[in-house]
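Structure data follow from run.txt (compact mmCIF, C-alpha atoms and all ligand atoms):
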# COMPACT_ATOMS: atom_id res chain seq x y z
CA MET I 1 -29.13 -24.62 7.23
CA THR I 2 -29.68 -24.49 10.96
CA ASN I 3 -26.98 -25.59 13.38
CA ILE I 4 -28.62 -28.94 14.15
CA LYS I 5 -25.79 -31.42 14.61
CA ILE I 6 -25.59 -35.01 13.42
CA GLY I 7 -26.72 -37.45 16.10
CA GLU I 8 -28.28 -34.81 18.34
CA LYS I 9 -31.69 -35.98 19.60
CA HIS I 10 -34.61 -33.56 19.41
CA LEU I 11 -38.00 -34.09 21.01
CA VAL I 12 -40.29 -33.19 18.14
CA ILE I 13 -43.72 -34.65 18.89
CA LYS I 14 -45.45 -35.49 22.16
CA VAL I 15 -49.02 -36.73 21.83
CA VAL I 16 -51.51 -38.91 23.69
CA ALA I 17 -52.45 -42.18 21.92
CA MET I 18 -56.19 -42.01 21.34
CA PRO I 19 -58.65 -44.91 20.91
CA ARG I 20 -59.66 -43.95 17.35
CA ASP I 21 -56.26 -45.17 16.08
CA THR I 22 -56.27 -48.71 17.48
CA ASN I 23 -55.84 -52.04 15.71
CA PRO I 24 -58.42 -54.83 16.19
CA SER I 25 -56.56 -56.00 19.33
CA GLY I 26 -56.99 -52.65 21.02
CA ASP I 27 -53.38 -51.47 20.87
CA MET I 28 -52.24 -48.61 18.66
CA PHE I 29 -52.25 -49.25 14.90
CA GLY I 30 -48.70 -49.44 13.50
CA GLY I 31 -49.62 -47.17 10.59
CA TRP I 32 -50.59 -44.43 13.03
CA ILE I 33 -47.22 -44.76 14.80
CA VAL I 34 -45.38 -44.56 11.46
CA SER I 35 -47.36 -41.46 10.49
CA GLN I 36 -46.26 -39.76 13.73
CA MET I 37 -42.65 -40.74 12.93
CA ASP I 38 -42.98 -39.39 9.39
CA LEU I 39 -44.32 -36.10 10.73
CA ALA I 40 -41.54 -35.87 13.31
CA GLY I 41 -38.85 -36.57 10.71
CA ALA I 42 -40.38 -34.10 8.29
CA LEU I 43 -40.43 -31.37 10.94
CA LEU I 44 -36.71 -31.79 11.61
CA ALA I 45 -35.88 -32.10 7.89
CA ARG I 46 -37.87 -29.00 7.03
CA GLN I 47 -36.16 -27.02 9.80
CA ILE I 48 -32.81 -27.91 8.26
CA THR I 49 -33.60 -27.66 4.54
CA LYS I 50 -36.05 -24.74 4.67
CA LYS I 51 -37.62 -26.30 1.56
CA ARG I 52 -40.70 -28.32 0.74
CA ILE I 53 -39.80 -31.95 1.32
CA VAL I 54 -41.28 -35.33 0.51
CA THR I 55 -40.58 -38.71 2.07
CA VAL I 56 -38.72 -40.99 -0.33
CA SER I 57 -37.97 -43.99 1.87
CA ILE I 58 -38.46 -45.59 5.25
CA ASP I 59 -36.23 -48.41 6.49
CA ASN I 60 -34.90 -50.11 9.61
CA LEU I 61 -38.38 -49.85 11.02
CA VAL I 62 -38.77 -51.96 14.15
CA PHE I 63 -41.77 -52.13 16.46
CA HIS I 64 -40.21 -53.26 19.74
CA LYS I 65 -43.21 -52.98 22.03
CA PRO I 66 -46.90 -52.15 21.70
CA VAL I 67 -48.31 -48.71 22.35
CA HIS I 68 -51.42 -48.66 24.52
CA VAL I 69 -54.30 -46.23 24.43
CA GLY I 70 -53.60 -43.36 26.81
CA ASP I 71 -49.80 -43.73 26.63
CA CYS I 72 -47.94 -40.51 25.93
CA VAL I 73 -46.10 -41.01 22.63
CA ILE I 74 -42.82 -39.12 22.28
CA CYS I 75 -40.94 -38.90 18.95
CA TYR I 76 -37.24 -38.08 19.09
CA ALA I 77 -35.62 -37.11 15.79
CA ALA I 78 -31.89 -37.08 15.07
CA LEU I 79 -30.18 -35.95 11.89
CA GLU I 80 -28.22 -38.93 10.56
CA LYS I 81 -26.94 -37.70 7.20
CA THR I 82 -27.23 -34.80 4.80
CA GLY I 83 -26.98 -35.25 1.03
CA ARG I 84 -27.28 -32.91 -1.93
CA THR I 85 -31.08 -32.98 -2.09
CA SER I 86 -31.83 -35.66 0.52
CA ILE I 87 -31.67 -35.77 4.27
CA THR I 88 -31.75 -38.84 6.50
CA VAL I 89 -33.39 -38.68 9.89
CA ARG I 90 -33.49 -41.34 12.56
CA ILE I 91 -36.66 -41.49 14.66
CA ASP I 92 -36.94 -43.15 18.07
CA VAL I 93 -40.41 -43.41 19.52
CA HIS I 94 -40.76 -43.68 23.26
CA VAL I 95 -43.87 -43.88 25.38
CA GLU I 96 -44.57 -42.69 28.86
CA ARG I 97 -46.92 -45.44 30.00
CA ARG I 98 -50.31 -44.35 31.21
CA SER I 99 -50.22 -47.14 33.80
CA ASN I 100 -46.98 -46.27 35.63
CA PHE I 101 -45.41 -43.22 33.90
CA VAL I 102 -42.32 -45.25 33.02
CA GLU I 103 -40.69 -44.13 29.74
CA GLU I 104 -39.55 -46.83 27.32
CA LYS I 105 -38.58 -47.11 23.67
CA VAL I 106 -41.24 -48.74 21.51
CA THR I 107 -40.34 -48.12 17.85
CA GLU I 108 -37.46 -46.89 15.69
CA GLY I 109 -36.83 -46.22 12.03
CA ARG I 110 -34.89 -44.27 9.44
CA PHE I 111 -36.62 -41.82 7.13
CA VAL I 112 -35.18 -40.18 4.03
CA PHE I 113 -36.67 -36.92 2.78
CA VAL I 114 -35.95 -35.08 -0.45
CA ALA I 115 -36.18 -31.32 -0.98
CA VAL I 116 -38.34 -30.64 -4.05
CA ASP I 117 -39.54 -27.73 -6.15
CA PRO I 118 -43.22 -27.18 -7.02
CA ASP I 119 -42.92 -29.76 -9.84
CA ASN I 120 -41.57 -32.36 -7.39
CA THR I 121 -38.09 -32.18 -8.92
CA PRO I 122 -35.32 -32.69 -6.35
CA ILE I 123 -33.46 -29.48 -5.52
CA PRO I 124 -30.29 -28.85 -3.51
CA TYR I 125 -30.88 -27.27 -0.11
CA ALA I 126 -27.36 -26.51 1.09
CA ASP I 127 -27.83 -22.82 0.35
CA ALA I 128 -31.01 -22.73 2.48
C1 LIG I 201 -38.66 -38.17 -3.95
C2 LIG I 201 -38.58 -38.02 -5.46
C3 LIG I 201 -38.84 -36.57 -5.83
C4 LIG I 201 -37.14 -38.43 -5.84
O1 LIG I 201 -37.08 -38.42 -7.22
P1 LIG I 201 -35.86 -39.17 -7.97
O2 LIG I 201 -36.03 -38.94 -9.41
O3 LIG I 201 -35.72 -40.55 -7.44
O4 LIG I 201 -34.65 -38.30 -7.47
P2 LIG I 201 -33.11 -38.55 -7.63
O5 LIG I 201 -32.78 -39.89 -8.22
O6 LIG I 201 -32.56 -37.32 -8.30
O7 LIG I 201 -32.60 -38.59 -6.11
C5 LIG I 201 -32.76 -37.45 -5.29
C6 LIG I 201 -32.22 -37.79 -3.92
O8 LIG I 201 -33.06 -38.78 -3.32
C7 LIG I 201 -32.27 -39.90 -2.93
N1 LIG I 201 -33.06 -41.10 -3.11
C8 LIG I 201 -33.76 -41.44 -4.21
N2 LIG I 201 -34.39 -42.61 -4.02
C9 LIG I 201 -34.06 -43.01 -2.77
C10 LIG I 201 -34.37 -44.16 -1.98
N3 LIG I 201 -35.15 -45.13 -2.44
N4 LIG I 201 -33.87 -44.24 -0.74
C11 LIG I 201 -33.07 -43.26 -0.24
N5 LIG I 201 -32.74 -42.13 -0.94
C12 LIG I 201 -33.22 -42.04 -2.18
C13 LIG I 201 -31.04 -39.86 -3.85
O9 LIG I 201 -29.95 -40.55 -3.26
C14 LIG I 201 -30.80 -38.38 -3.95
O10 LIG I 201 -30.14 -37.91 -2.79
P3 LIG I 201 -28.95 -36.78 -2.87
O11 LIG I 201 -29.38 -35.69 -3.81
O12 LIG I 201 -28.83 -36.26 -1.46
O13 LIG I 201 -27.73 -37.51 -3.32
C15 LIG I 201 -39.61 -38.95 -6.18
O14 LIG I 201 -39.21 -40.30 -6.02
C16 LIG I 201 -41.01 -38.75 -5.67
O15 LIG I 201 -41.68 -37.77 -5.99
N6 LIG I 201 -41.51 -39.71 -4.84
C17 LIG I 201 -42.82 -39.59 -4.22
C18 LIG I 201 -42.71 -38.85 -2.88
C19 LIG I 201 -43.98 -38.97 -2.10
O16 LIG I 201 -45.06 -38.83 -2.65
N7 LIG I 201 -43.85 -39.26 -0.79
C20 LIG I 201 -44.97 -39.56 0.06
C21 LIG I 201 -45.65 -38.34 0.58
S1 LIG I 201 -44.59 -37.10 1.26

Since I need it in another form, could you write the structure as structure tokens?
Amino acid sequence: MTNIKIGEKHLVIKVVAMPRDTNPSGDMFGGWIVSQMDLAGALLARQITKKRIVTVSIDNLVFHKPVHVGDCVICYAALEKTGRTSITVRIDVHVERRSNFVEEKVTEGRFVFVAVDPDNTPIPYADA
């Protein structure tokens, strides 16, 4: 395992919100935001486990504020808990607003990943 500590925040993804991923109201589609969070969590989990991982659950997901086209979306990942085969990662999404460059938190959630072998059977990763 790497020496990533519990609770330590890591900037994992920084990306501009593009118009192709909007909802019918013109703001960013929630599913796109969740996919960025899933990717961010998976990157941190994979760095720690050094194994192939799959997402097993997502909870505590809250969309606090909308994301607008052109905002810079920033995903912070923090290791919350390690298990035998699973790993829990908290994701906070911030944006740097295109309009005024102010950074604010827009979404948060908790993602659980499981280390798996090629047959998708959970495997321990502590020896990684
Ligand atoms: C993830 C998967 C391999 C787990 O299989 P499983 O038979 O439930 O595994 P187990 O019961 O042995 O549990 C394995 C670990 O997952 C955890 N887990 C299982 N279900 C969970 C849930 N709903 N929420 C949180 N953790 C869960 C267990 O606590 C255990 O953790 P630990 O080893 O650290 O104690 C299986 O459910 C699966 O393949 N799901 C589909 C994954 C997927 O396609 N994701 C989307 C794309 S990445």

### Message
So the first atom is atom CA of I:Ile91 and the second is atom CA of I:Asp119; what is the distance between them in Å, to one decimal place?
### Response
27.9 Å

For ligand LIG 201 (chain I), I'd like the enclosing box, axis-aligned and padded by 4 Å on every side, reported as AutoDock Vina command-line options with centre and edge lengths in Å to one decimal.
--center_x -36.7 --center_y -40.4 --center_z -4.1 --size_x 25.9 --size_y 17.4 --size_z 18.7

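Considering all atoms listed in the file, the residues that reside within 7 Å of ligand LIG 201 (chain I) can be listed as Val54, Thr55, Val56, Ser57, Thr82, Gly83, Arg84, Thr85, Ser86, Ile87, Val112, Val114, Val116, Asn120, Thr121, Pro122 and Pro124 of chain I.
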
Please report, as a Markdown table, each residue of stretch 25-74 of chain I lying at most 7 Å from stretch 95-107 of chain I, together with the nearest pair of atoms and the separation in Å rounded to one decimal; use all atoms listed in the file, and order rows by chain and ascending residue number.
| residue | atom | partner | partner_atom | distance |
| --- | --- | --- | --- | --- |
| I:Val62 | CA | I:Thr107 | CA | 5.6 |
| I:Phe63 | CA | I:Thr107 | CA | 4.5 |
| I:His64 | CA | I:Val106 | CA | 5.0 |
| I:Lys65 | CA | I:Val106 | CA | 4.7 |
| I:Pro66 | CA | I:Val106 | CA | 6.6 |
| I:Gly70 | CA | I:Arg98 | CA | 5.6 |
| I:Asp71 | CA | I:Arg98 | CA | 4.6 |
| I:Cys72 | CA | I:Glu96 | CA | 5.0 |
| I:Val73 | CA | I:Val95 | CA | 4.6 |
| I:Ile74 | CA | I:Val95 | CA | 5.8 |

### Query
Which is closest to I:Val12 among I:Val69, I:Val34, I:Ala77, I:Ala42, if we use only C-alpha atoms?
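Looking only at the distances to I:Val12, the closest residue turns out to be I:Ala77.
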
Got a minute to add N, CA, C and O atoms to stretch 81-99 of chain I and dump it as a compact mmCIF listing (two decimals), keeping the file's coordinate frame?
# COMPACT_ATOMS: atom_id res chain seq x y z
N LYS I 81 -27.80 -37.98 8.36
CA LYS I 81 -26.94 -37.70 7.20
C LYS I 81 -27.56 -36.62 6.33
O LYS I 81 -28.79 -36.61 6.15
N THR I 82 -26.74 -35.75 5.79
CA THR I 82 -27.23 -34.80 4.80
C THR I 82 -26.65 -35.18 3.44
O THR I 82 -25.51 -35.63 3.35
N GLY I 83 -27.46 -35.01 2.39
CA GLY I 83 -26.98 -35.25 1.03
C GLY I 83 -27.09 -33.97 0.23
O GLY I 83 -27.17 -32.88 0.81
N ARG I 84 -27.14 -34.11 -1.09
CA ARG I 84 -27.28 -32.91 -1.93
C ARG I 84 -28.72 -32.41 -1.89
O ARG I 84 -28.98 -31.25 -1.59
N THR I 85 -29.65 -33.34 -2.15
CA THR I 85 -31.08 -32.98 -2.09
C THR I 85 -31.81 -33.77 -1.01
O THR I 85 -32.96 -33.48 -0.70
N SER I 86 -31.15 -34.80 -0.46
CA SER I 86 -31.83 -35.66 0.52
C SER I 86 -31.29 -35.44 1.92
O SER I 86 -30.18 -34.91 2.09
N ILE I 87 -32.07 -35.89 2.87
CA ILE I 87 -31.67 -35.77 4.27
C ILE I 87 -32.22 -36.99 5.01
O ILE I 87 -33.37 -37.38 4.80
N THR I 88 -31.37 -37.61 5.81
CA THR I 88 -31.75 -38.84 6.50
C THR I 88 -31.91 -38.55 7.98
O THR I 88 -31.03 -37.96 8.61
N VAL I 89 -33.05 -38.97 8.50
CA VAL I 89 -33.39 -38.68 9.89
C VAL I 89 -33.76 -39.98 10.60
O VAL I 89 -34.53 -40.78 10.09
N ARG I 90 -33.16 -40.17 11.74
CA ARG I 90 -33.49 -41.34 12.56
C ARG I 90 -34.56 -40.93 13.57
O ARG I 90 -34.45 -39.88 14.21
N ILE I 91 -35.58 -41.78 13.71
CA ILE I 91 -36.66 -41.49 14.66
C ILE I 91 -36.73 -42.60 15.70
O ILE I 91 -36.82 -43.78 15.36
N ASP I 92 -36.69 -42.22 16.96
CA ASP I 92 -36.94 -43.15 18.07
C ASP I 92 -38.25 -42.73 18.71
O ASP I 92 -38.42 -41.55 19.07
N VAL I 93 -39.14 -43.70 18.84
CA VAL I 93 -40.41 -43.41 19.52
C VAL I 93 -40.37 -44.03 20.91
O VAL I 93 -40.09 -45.23 21.05
N HIS I 94 -40.65 -43.21 21.88
CA HIS I 94 -40.76 -43.68 23.26
C HIS I 94 -42.21 -43.50 23.70
O HIS I 94 -42.94 -42.71 23.09
N VAL I 95 -42.59 -44.20 24.75
CA VAL I 95 -43.87 -43.88 25.38
C VAL I 95 -43.64 -43.64 26.86
O VAL I 95 -42.71 -44.21 27.45
N GLU I 96 -44.46 -42.78 27.40
CA GLU I 96 -44.57 -42.69 28.86
C GLU I 96 -45.87 -43.42 29.15
O GLU I 96 -46.94 -42.97 28.73
N ARG I 97 -45.75 -44.59 29.80
CA ARG I 97 -46.92 -45.44 30.00
C ARG I 97 -47.97 -44.76 30.87
O ARG I 97 -47.64 -44.15 31.89
N ARG I 98 -49.20 -44.91 30.44
CA ARG I 98 -50.31 -44.35 31.21
C ARG I 98 -50.42 -45.04 32.58
O ARG I 98 -50.79 -44.42 33.57
N SER I 99 -50.05 -46.34 32.59
CA SER I 99 -50.22 -47.14 33.80
C SER I 99 -49.25 -46.79 34.92
O SER I 99 -49.63 -46.79 36.09
